[in-house]
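Participant: Below you'll find the structure I mean.
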Amino acid sequence: MADIKTLWIVDEARGDWQLTKGDLSSGDDLQTAILISLFTDRLARSDDDYDNGDRRGWWGDTDVDYNIGSRLWLLNRQRLSYAVAQRAEDYAAEALQWLIDDGVVEAISAEARIVYPSRLYLTITYQKPGQNKATMKFYWVWE
């Protein structure tokens with residue numbers, strides 16, 4: 001059985017579900033898993049810099065091997081810099097590691113690139129076992 005399909009709406013920088021003939025669309029499970037892994041807020045670590053004592057996260061992560069989501073949300077208030085781009089890569093790799101560990105993909109990587117003056121591009125490249133590489137691209141506009 002396929003998961004509910006999550007689509008990335010580029011202009012709004014958010015994911016959403018789609019209806020097909022009155023039902024939620026399904027399929028593209030790997031792309032949906034990548035979107036959820038990247039854009040669900042993972043619990044901040046105790047050494048992370050976060051505001052107002054809100055570490056976010058999800059209650060369902062209690063006593064599990066892998067927390068859901070990523071710490072990309074921690075970058076929202078940071079000034080765009082090489083260090084922020086590097087952290088975006090690190091946070092994305094951390095969030096997606098479970099796909100390798102569970103054998104869903106042979107390889108997966110994240111590459112961040114700053115497009116001056118105010119954009120960060122994140123490219124996720126992955127390869128399913130026995131298949132060609134594929135990519136997903138995301139960008140953020142820094143204010």
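Just so we're on the same page: first chain in the structure tokens is A, next is B, and so on; residues restart at 1 for each chain, and ligands are numbered from 1 in the order they show up.
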Would you list the contacts of segment 79-84 of chain A as a PyMOL selection string, taking every protein, DNA or RNA residue within 12 Å and counting only C-alpha atoms, but skipping same-chain residues closer than 5 positions in sequence?
Facilitator: chain A and resi 71-74+89-91+112-122+140-143
Participant: Taking C-alpha atoms for each residue, export the selection above as a CSV table (one decimal), in the first residue's frame.
Facilitator:
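Here's the written file result.csv:
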chain,number,residue,atom,x,y,z
A,71,ARG,CA,17.0,20.5,12.5
A,72,LEU,CA,16.8,22.8,9.4
A,73,TRP,CA,14.3,24.9,11.3
A,74,LEU,CA,17.2,26.1,13.5
A,89,GLU,CA,24.0,20.0,4.5
A,90,ASP,CA,24.7,18.4,7.9
A,91,TYR,CA,21.2,18.7,9.1
A,112,ALA,CA,23.9,23.4,-0.2
A,113,ARG,CA,24.8,26.3,-2.4
A,114,ILE,CA,24.5,30.0,-1.7
A,115,VAL,CA,23.2,32.1,-4.6
A,116,TYR,CA,23.9,35.7,-3.5
A,117,PRO,CA,22.6,37.8,-2.2
A,118,SER,CA,19.8,35.9,-0.5
A,119,ARG,CA,19.1,32.4,-1.6
A,120,LEU,CA,20.2,29.0,-0.3
A,121,TYR,CA,19.7,26.0,-2.7
A,122,LEU,CA,19.7,22.5,-1.3
A,140,TRP,CA,15.0,29.3,0.7
A,141,VAL,CA,15.0,33.1,0.4
A,142,TRP,CA,16.8,34.8,3.3
A,143,GLU,CA,15.4,38.2,4.4
Participant: Could you name the residues that touch Pro129 of chain A at 10 Å or less, counting only C-alpha atoms, but leaving out those on the same chain fewer than 3 positions away, as a PDB file with N, CA and C atoms, in the first residue's frame?
Facilitator:
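Produced file result36.pdb, reproduced below:
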ATOM      1  N   GLY A 103      18.049   0.581   4.014  1.00  0.00           N
ATOM      2  CA  GLY A 103      18.194  -0.009   2.685  1.00  0.00           C
ATOM      3  C   GLY A 103      17.223   0.525   1.654  1.00  0.00           C
ATOM      4  N   VAL A 104      16.588   1.645   1.940  1.00  0.00           N
ATOM      5  CA  VAL A 104      15.648   2.249   0.990  1.00  0.00           C
ATOM      6  C   VAL A 104      16.411   2.816  -0.202  1.00  0.00           C
ATOM      7  N   VAL A 105      17.585   3.400   0.059  1.00  0.00           N
ATOM      8  CA  VAL A 105      18.454   3.928  -0.991  1.00  0.00           C
ATOM      9  C   VAL A 105      19.864   3.379  -0.795  1.00  0.00           C
ATOM     10  N   GLU A 106      20.614   3.294  -1.900  1.00  0.00           N
ATOM     11  CA  GLU A 106      22.028   2.913  -1.814  1.00  0.00           C
ATOM     12  C   GLU A 106      22.868   4.084  -1.342  1.00  0.00           C
ATOM     13  N   ALA A 107      22.488   5.262  -1.790  1.00  0.00           N
ATOM     14  CA  ALA A 107      23.245   6.464  -1.450  1.00  0.00           C
ATOM     15  C   ALA A 107      22.306   7.656  -1.447  1.00  0.00           C
ATOM     16  N   TYR A 126      19.882  11.135  -4.682  1.00  0.00           N
ATOM     17  CA  TYR A 126      19.708   9.802  -4.107  1.00  0.00           C
ATOM     18  C   TYR A 126      19.708   8.751  -5.206  1.00  0.00           C
ATOM     19  N   ASN A 132      19.103   4.498 -11.479  1.00  0.00           N
ATOM     20  CA  ASN A 132      19.911   5.691 -11.702  1.00  0.00           C
ATOM     21  C   ASN A 132      19.695   6.708 -10.586  1.00  0.00           C
ATOM     22  N   LYS A 133      20.634   7.622 -10.469  1.00  0.00           N
ATOM     23  CA  LYS A 133      20.506   8.693  -9.485  1.00  0.00           C
ATOM     24  C   LYS A 133      19.376   9.635  -9.876  1.00  0.00           C
TER      25      LYS A 133
END
Participant: Have a look at A:Gln78, A:Gln97, A:Gln131, A:Gln86 and name the one nearest to Glu111 of chain A; count only C-alpha atoms.
Facilitator: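 Of the candidates, the smallest distance to Glu111 of chain A is held by A:Gln86.
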Participant: So which bits of segment 44-133 of chain A end up strand (DSSP E or B) when you DSSP the backbone, as an NGL selection string?
Facilitator: :A and (70 or 107-115 or 119-127 or 133)
Participant: Output N, CA and C atoms for every residue in the selection just made, as a short mmCIF file (atom, residue, chain, number, x, y, z; two decimals), in the first residue's frame.
Facilitator:
data_model
loop_
_atom_site.label_atom_id
_atom_site.label_comp_id
_atom_site.auth_asym_id
_atom_site.auth_seq_id
_atom_site.Cartn_x
_atom_site.Cartn_y
_atom_site.Cartn_z
N SER A 70 14.11 17.06 10.62
CA SER A 70 15.44 17.63 10.56
C SER A 70 15.53 18.85 11.47
N ALA A 107 22.49 5.26 -1.79
CA ALA A 107 23.24 6.46 -1.45
C ALA A 107 22.31 7.66 -1.45
N ILE A 108 22.64 8.63 -0.61
CA ILE A 108 21.88 9.88 -0.59
C ILE A 108 22.82 10.96 -0.07
N SER A 109 22.73 12.13 -0.68
CA SER A 109 23.61 13.23 -0.26
C SER A 109 22.87 14.55 -0.38
N ALA A 110 23.37 15.52 0.37
CA ALA A 110 22.80 16.87 0.34
C ALA A 110 23.91 17.85 0.00
N GLU A 111 23.61 18.77 -0.91
CA GLU A 111 24.56 19.81 -1.27
C GLU A 111 23.87 21.16 -1.19
N ALA A 112 24.43 22.04 -0.38
CA ALA A 112 23.89 23.39 -0.24
C ALA A 112 24.76 24.36 -1.02
N ARG A 113 24.11 25.33 -1.62
CA ARG A 113 24.82 26.33 -2.41
C ARG A 113 24.16 27.68 -2.18
N ILE A 114 24.98 28.66 -1.89
CA ILE A 114 24.46 30.02 -1.70
C ILE A 114 24.43 30.71 -3.05
N VAL A 115 23.30 31.32 -3.36
CA VAL A 115 23.16 32.14 -4.55
C VAL A 115 22.93 33.55 -4.02
N ARG A 119 19.74 33.66 -1.36
CA ARG A 119 19.12 32.36 -1.57
C ARG A 119 20.07 31.24 -1.17
N LEU A 120 19.47 30.20 -0.62
CA LEU A 120 20.19 28.98 -0.32
C LEU A 120 19.52 27.85 -1.08
N TYR A 121 20.26 27.18 -1.93
CA TYR A 121 19.74 26.04 -2.68
C TYR A 121 20.23 24.77 -2.00
N LEU A 122 19.34 23.81 -1.84
CA LEU A 122 19.68 22.51 -1.29
C LEU A 122 19.28 21.46 -2.31
N THR A 123 20.26 20.70 -2.75
CA THR A 123 20.00 19.63 -3.72
C THR A 123 20.21 18.29 -3.03
N ILE A 124 19.22 17.45 -3.08
CA ILE A 124 19.29 16.10 -2.53
C ILE A 124 19.45 15.15 -3.71
N THR A 125 20.51 14.37 -3.71
CA THR A 125 20.76 13.38 -4.75
C THR A 125 20.67 12.01 -4.09
N TYR A 126 19.88 11.14 -4.68
CA TYR A 126 19.71 9.80 -4.11
C TYR A 126 19.71 8.75 -5.21
N GLN A 127 19.98 7.51 -4.80
CA GLN A 127 19.98 6.40 -5.74
C GLN A 127 19.32 5.20 -5.07
N LYS A 133 20.63 7.62 -10.47
CA LYS A 133 20.51 8.69 -9.48
C LYS A 133 19.38 9.64 -9.88
#
Participant: Atom CA of Lys137 of chain A and atom CA of Gln18 of chain A, how far apart in Å?
Facilitator: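 Between atom CA of Gln18 of chain A and atom CA of Lys137 of chain A the gap works out to 19.6 Å.
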Participant: Any idea what the distance is between atom CA of Asp61 of chain A and atom CA of Phe138 of chain A?
Facilitator: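 That distance, rounded to one decimal, is 25.6 Å.
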Participant: From the list A:Ile68, A:Leu19, A:Leu96, A:Leu30, which residue is nearest Ala44 of chain A when using only C-alpha atoms?
Facilitator: A:Ile68
Participant: Extract, using only C-alpha atoms, all DNA, RNA and protein residues at most 12 Å from Asp65 of chain A, discarding same-chain residues fewer than 5 positions from it, and format them as a list of chain:residue names.
Facilitator: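 Contacts, in chain order: A:Gly60, A:Gln97, A:Trp98, A:Asp101, A:Asp102.
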Participant: Those residues with N, CA and C atoms, as a PDB file, in the first residue's frame please?
Facilitator:
ATOM      1  N   GLY A  60       5.992  11.508  19.206  1.00  0.00           N
ATOM      2  CA  GLY A  60       6.162  10.118  18.770  1.00  0.00           C
ATOM      3  C   GLY A  60       7.615   9.672  18.700  1.00  0.00           C
ATOM      4  N   GLN A  97      19.636   9.984   6.880  1.00  0.00           N
ATOM      5  CA  GLN A  97      20.485   8.814   7.128  1.00  0.00           C
ATOM      6  C   GLN A  97      19.671   7.526   7.259  1.00  0.00           C
ATOM      7  N   TRP A  98      18.489   7.615   7.817  1.00  0.00           N
ATOM      8  CA  TRP A  98      17.677   6.414   8.016  1.00  0.00           C
ATOM      9  C   TRP A  98      17.351   5.709   6.704  1.00  0.00           C
ATOM     10  N   ASP A 101      20.311   3.480   6.145  1.00  0.00           N
ATOM     11  CA  ASP A 101      20.336   2.435   7.162  1.00  0.00           C
ATOM     12  C   ASP A 101      19.257   1.384   6.952  1.00  0.00           C
ATOM     13  N   ASP A 102      18.091   1.798   6.464  1.00  0.00           N
ATOM     14  CA  ASP A 102      16.991   0.865   6.216  1.00  0.00           C
ATOM     15  C   ASP A 102      17.039   0.235   4.829  1.00  0.00           C
TER      16      ASP A 102
END
Participant: Would you please give, as a PDB file with N, CA and C atoms, in the first residue's frame, all residues of segment 35-110 of chain A that DSSP assigns to alpha helix (DSSP H) based on the backbone?
Facilitator:
ATOM      1  N   LEU A  35      10.675  14.480   1.841  1.00  0.00           N
ATOM      2  CA  LEU A  35      10.030  15.731   2.263  1.00  0.00           C
ATOM      3  C   LEU A  35       9.725  15.729   3.761  1.00  0.00           C
ATOM      4  N   ILE A  36       9.163  14.647   4.247  1.00  0.00           N
ATOM      5  CA  ILE A  36       8.851  14.566   5.677  1.00  0.00           C
ATOM      6  C   ILE A  36      10.133  14.598   6.502  1.00  0.00           C
ATOM      7  N   SER A  37      11.148  13.893   6.042  1.00  0.00           N
ATOM      8  CA  SER A  37      12.422  13.859   6.766  1.00  0.00           C
ATOM      9  C   SER A  37      13.069  15.235   6.842  1.00  0.00           C
ATOM     10  N   LEU A  38      12.974  16.011   5.783  1.00  0.00           N
ATOM     11  CA  LEU A  38      13.615  17.329   5.758  1.00  0.00           C
ATOM     12  C   LEU A  38      12.793  18.410   6.440  1.00  0.00           C
ATOM     13  N   PHE A  39      11.476  18.377   6.300  1.00  0.00           N
ATOM     14  CA  PHE A  39      10.667  19.529   6.683  1.00  0.00           C
ATOM     15  C   PHE A  39       9.729  19.312   7.860  1.00  0.00           C
ATOM     16  N   TYR A  82      28.421  30.875   4.719  1.00  0.00           N
ATOM     17  CA  TYR A  82      28.972  29.565   4.377  1.00  0.00           C
ATOM     18  C   TYR A  82      28.703  28.568   5.510  1.00  0.00           C
ATOM     19  N   ALA A  83      28.845  29.019   6.758  1.00  0.00           N
ATOM     20  CA  ALA A  83      28.615  28.141   7.909  1.00  0.00           C
ATOM     21  C   ALA A  83      27.163  27.660   7.946  1.00  0.00           C
ATOM     22  N   VAL A  84      26.223  28.524   7.630  1.00  0.00           N
ATOM     23  CA  VAL A  84      24.805  28.133   7.594  1.00  0.00           C
ATOM     24  C   VAL A  84      24.570  27.122   6.479  1.00  0.00           C
ATOM     25  N   ALA A  85      25.171  27.337   5.327  1.00  0.00           N
ATOM     26  CA  ALA A  85      25.036  26.381   4.214  1.00  0.00           C
ATOM     27  C   ALA A  85      25.594  25.016   4.618  1.00  0.00           C
ATOM     28  N   GLN A  86      26.728  25.002   5.304  1.00  0.00           N
ATOM     29  CA  GLN A  86      27.321  23.744   5.761  1.00  0.00           C
ATOM     30  C   GLN A  86      26.413  23.047   6.764  1.00  0.00           C
ATOM     31  N   ARG A  87      25.828  23.820   7.679  1.00  0.00           N
ATOM     32  CA  ARG A  87      24.903  23.225   8.650  1.00  0.00           C
ATOM     33  C   ARG A  87      23.662  22.680   7.949  1.00  0.00           C
ATOM     34  N   ALA A  88      23.185  23.368   6.913  1.00  0.00           N
ATOM     35  CA  ALA A  88      22.032  22.857   6.152  1.00  0.00           C
ATOM     36  C   ALA A  88      22.362  21.481   5.566  1.00  0.00           C
ATOM     37  N   GLU A  89      23.547  21.325   5.007  1.00  0.00           N
ATOM     38  CA  GLU A  89      23.968  20.020   4.488  1.00  0.00           C
ATOM     39  C   GLU A  89      24.015  18.981   5.605  1.00  0.00           C
ATOM     40  N   ASP A  90      24.612  19.356   6.732  1.00  0.00           N
ATOM     41  CA  ASP A  90      24.739  18.426   7.856  1.00  0.00           C
ATOM     42  C   ASP A  90      23.381  18.016   8.398  1.00  0.00           C
ATOM     43  N   TYR A  91      22.484  18.987   8.576  1.00  0.00           N
ATOM     44  CA  TYR A  91      21.153  18.686   9.101  1.00  0.00           C
ATOM     45  C   TYR A  91      20.374  17.803   8.132  1.00  0.00           C
ATOM     46  N   ALA A  92      20.495  18.074   6.835  1.00  0.00           N
ATOM     47  CA  ALA A  92      19.799  17.257   5.840  1.00  0.00           C
ATOM     48  C   ALA A  92      20.353  15.826   5.841  1.00  0.00           C
ATOM     49  N   ALA A  93      21.661  15.690   5.881  1.00  0.00           N
ATOM     50  CA  ALA A  93      22.271  14.351   5.904  1.00  0.00           C
ATOM     51  C   ALA A  93      21.822  13.575   7.142  1.00  0.00           C
ATOM     52  N   GLU A  94      21.786  14.248   8.278  1.00  0.00           N
ATOM     53  CA  GLU A  94      21.331  13.620   9.516  1.00  0.00           C
ATOM     54  C   GLU A  94      19.882  13.140   9.374  1.00  0.00           C
ATOM     55  N   ALA A  95      19.028  13.959   8.799  1.00  0.00           N
ATOM     56  CA  ALA A  95      17.608  13.634   8.663  1.00  0.00           C
ATOM     57  C   ALA A  95      17.362  12.486   7.691  1.00  0.00           C
ATOM     58  N   LEU A  96      18.239  12.336   6.707  1.00  0.00           N
ATOM     59  CA  LEU A  96      18.032  11.350   5.648  1.00  0.00           C
ATOM     60  C   LEU A  96      18.799  10.047   5.869  1.00  0.00           C
ATOM     61  N   GLN A  97      19.636   9.984   6.880  1.00  0.00           N
ATOM     62  CA  GLN A  97      20.485   8.814   7.128  1.00  0.00           C
ATOM     63  C   GLN A  97      19.671   7.526   7.259  1.00  0.00           C
ATOM     64  N   TRP A  98      18.489   7.615   7.817  1.00  0.00           N
ATOM     65  CA  TRP A  98      17.677   6.414   8.016  1.00  0.00           C
ATOM     66  C   TRP A  98      17.351   5.709   6.704  1.00  0.00           C
ATOM     67  N   LEU A  99      17.292   6.473   5.597  1.00  0.00           N
ATOM     68  CA  LEU A  99      16.991   5.864   4.293  1.00  0.00           C
ATOM     69  C   LEU A  99      18.103   4.917   3.845  1.00  0.00           C
ATOM     70  N   ILE A 100      19.338   5.248   4.178  1.00  0.00           N
ATOM     71  CA  ILE A 100      20.469   4.361   3.886  1.00  0.00           C
ATOM     72  C   ILE A 100      20.450   3.181   4.855  1.00  0.00           C
ATOM     73  N   ASP A 101      20.311   3.480   6.145  1.00  0.00           N
ATOM     74  CA  ASP A 101      20.336   2.435   7.162  1.00  0.00           C
ATOM     75  C   ASP A 101      19.257   1.384   6.952  1.00  0.00           C
TER      76      ASP A 101
END
Participant: Residues within 12 Å of Asp54 of chain A, please, as a count of residues only. Count only C-alpha atoms; anything in the same chain fewer than 3 positions from it doesn't count.
Facilitator: 14
Participant: Using atom CA of Leu75 of chain A and atom CA of Lys128 of chain A as the two end points, give the distance in Å to one decimal.
Facilitator: 29.1 Å
